[in-house]
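Student: Handing over model.cif, mmCIF, C-alpha atoms.
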data_input
loop_
_atom_site.label_atom_id
_atom_site.label_comp_id
_atom_site.auth_asym_id
_atom_site.auth_seq_id
_atom_site.Cartn_x
_atom_site.Cartn_y
_atom_site.Cartn_z
CA MET A 677 -36.54 0.88 108.70
CA ASN A 678 -40.17 1.14 109.71
CA LYS A 679 -43.02 3.10 108.11
CA ASP A 680 -42.45 6.28 110.16
CA GLU A 681 -38.75 6.31 109.32
CA LEU A 682 -39.54 5.78 105.64
CA ILE A 683 -41.99 8.70 105.67
CA ASP A 684 -39.48 10.96 107.44
CA PHE A 685 -36.77 10.06 104.92
CA ALA A 686 -39.08 10.62 101.94
CA SER A 687 -40.24 13.93 103.40
CA ARG A 688 -36.68 15.20 103.78
CA ARG A 689 -35.60 13.89 100.37
CA THR A 690 -38.58 15.30 98.43
CA ARG A 691 -39.26 18.40 100.58
CA LEU A 692 -42.92 17.35 100.79
CA SER A 693 -44.81 17.39 104.07
CA ARG A 694 -44.98 14.24 106.20
CA LYS A 695 -48.74 14.16 105.57
CA ASP A 696 -48.26 14.22 101.79
CA CYS A 697 -45.66 11.45 101.98
CA LEU A 698 -47.93 9.37 104.23
CA ASN A 699 -50.86 9.80 101.81
CA CYS A 700 -48.65 8.82 98.88
CA LEU A 701 -47.28 5.73 100.63
CA ASN A 702 -50.77 4.64 101.71
CA ALA A 703 -52.11 5.11 98.17
CA ILE A 704 -49.26 3.06 96.68
CA THR A 705 -49.64 0.18 99.16
CA GLU A 706 -53.43 0.13 98.70
CA LEU A 707 -53.04 0.08 94.92
CA ILE A 708 -50.50 -2.75 95.04
CA GLY A 709 -52.85 -4.71 97.32
CA GLU A 710 -55.82 -4.21 95.00
CA VAL A 711 -53.86 -5.33 91.95
CA LEU A 712 -52.54 -8.43 93.77
CA LYS A 713 -56.08 -9.32 94.92
CA ARG A 714 -57.12 -9.37 91.26
CA GLY A 715 -54.38 -11.95 90.65
CA GLU A 716 -52.17 -9.60 88.66
CA SER A 717 -48.52 -8.74 89.28
CA VAL A 718 -47.02 -5.29 89.90
CA LYS A 719 -43.73 -4.37 88.22
CA ILE A 720 -41.81 -1.29 89.32
CA CYS A 721 -39.03 -0.63 86.81
CA GLY A 722 -35.59 -0.55 88.40
CA PHE A 723 -36.93 -2.04 91.65
CA GLY A 724 -38.78 -5.33 91.40
CA LYS A 725 -41.93 -7.34 90.86
CA PHE A 726 -44.67 -8.28 93.32
CA GLU A 727 -46.75 -11.26 92.26
CA PRO A 728 -49.44 -13.36 93.93
CA LYS A 729 -48.64 -17.05 94.25
CA ILE A 730 -50.81 -19.94 95.41
CA ARG A 731 -49.60 -22.44 97.97
CA HIS A 732 -51.95 -25.37 97.30
CA GLU A 733 -53.74 -27.39 99.94
CA ARG A 734 -51.51 -30.09 101.40
CA LYS A 735 -51.27 -32.67 104.15
CA GLY A 736 -49.43 -31.81 107.35
CA ILE A 737 -48.80 -33.01 110.88
CA ASN A 738 -49.23 -31.10 114.12
CA PRO A 739 -45.76 -31.55 115.70
CA GLN A 740 -47.12 -31.37 119.27
CA THR A 741 -49.87 -33.98 118.92
CA LEU A 742 -48.69 -35.80 115.76
CA GLU A 743 -52.27 -35.38 114.52
CA LYS A 744 -52.63 -35.45 110.73
CA LEU A 745 -54.33 -32.40 109.26
CA ILE A 746 -55.02 -30.60 106.02
CA ILE A 747 -53.31 -27.24 105.52
CA LYS A 748 -55.64 -25.03 103.47
CA GLN A 749 -54.70 -23.35 100.20
CA LYS A 750 -53.15 -19.92 100.71
CA VAL A 751 -52.33 -16.97 98.48
CA TYR A 752 -49.07 -15.22 99.31
CA VAL A 753 -47.00 -12.45 97.74
CA ARG A 754 -43.62 -13.13 96.15
CA PHE A 755 -41.18 -10.28 95.58
CA LYS A 756 -38.41 -10.60 93.03
CA SER A 757 -35.94 -7.74 92.82
CA PHE A 758 -34.69 -6.68 89.41
CA GLU A 759 -31.04 -7.01 88.45
CA LYS A 760 -30.57 -3.23 88.26
CA PHE A 761 -31.75 -2.90 91.88
CA ASP A 762 -29.56 -5.80 93.00
CA LYS A 763 -26.51 -4.18 91.41
CA SER A 764 -27.20 -0.89 93.20
CA LEU A 765 -26.86 -2.71 96.55
CA LYS A 766 -23.30 -3.82 95.79
#
Output the structure of this file as structure tokens.

Tutor:
Amino acid sequence: MNKDELIDFASRRTRLSRKDCLNCLNAITELIGEVLKRGESVKICGFGKFEPKIRHERKGINPQTLEKLIIKQKVYVRFKSFEKFDKSLK
């Protein structure tokens, strides 16, 4: 499911306009992004938890040239679904 399909589904389910659903989805994703940038996690009860994690700087090798290099530290997002959500998928 892509963003347009999600908006269409939400619009039909809630009887809100596509524009309202798009604005709501954009606001939620922006808010989650802002909270993660601050280094905090976002918990949505019954769904899951988004949390920023740090992948520390490490040594690596370019497989094409076998050149040794340093892979820079990176912040990534980890999502962990809650048990209640997992059970609803079964």

Student: Could you give me, as a Markdown table, every segment 677-748 of chain A residue with an atom at most 8 Å from segment 752-766 of chain A, plus its closest atom pair and distance in Å to one decimal, counting all atoms listed in the file, rows ordered by chain then number?

Tutor:
| residue | atom | partner | partner_atom | distance |
| --- | --- | --- | --- | --- |
| A:Leu712 | CA | A:Val753 | CA | 7.9 |
| A:Cys721 | CA | A:Phe758 | CA | 7.9 |
| A:Gly722 | CA | A:Phe761 | CA | 5.7 |
| A:Phe723 | CA | A:Phe761 | CA | 5.3 |
| A:Gly724 | CA | A:Ser757 | CA | 4.0 |
| A:Lys725 | CA | A:Lys756 | CA | 5.3 |
| A:Phe726 | CA | A:Phe755 | CA | 4.6 |
| A:Glu727 | CA | A:Arg754 | CA | 5.3 |
| A:Pro728 | CA | A:Val753 | CA | 4.6 |
| A:Lys729 | CA | A:Tyr752 | CA | 5.4 |
| A:Ile730 | CA | A:Tyr752 | CA | 6.4 |
| A:Arg731 | CA | A:Tyr752 | CA | 7.4 |

Student: May I have the residues within 12 Å of Ala686 of chain A as a VMD selection string, using only C-alpha atoms and disregarding those fewer than 5 positions away in the same chain?

Tutor: chain A and resid 679 to 681 691 to 701

Student: One decimal, Å: what's the distance from atom CA of Glu716 of chain A over to atom CA of Ile746 of chain A, could you say?

Tutor: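 Computed distance, atom CA of Glu716 of chain A to atom CA of Ile746 of chain A, equals 27.4 Å.
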
Student: Take atom CA of Leu745 of chain A and atom CA of Glu733 of chain A and report the distance between them in Å, one decimal.

Tutor: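 Computing the Euclidean distance for atom CA of Leu745 of chain A and atom CA of Glu733 of chain A yields 10.6 Å.
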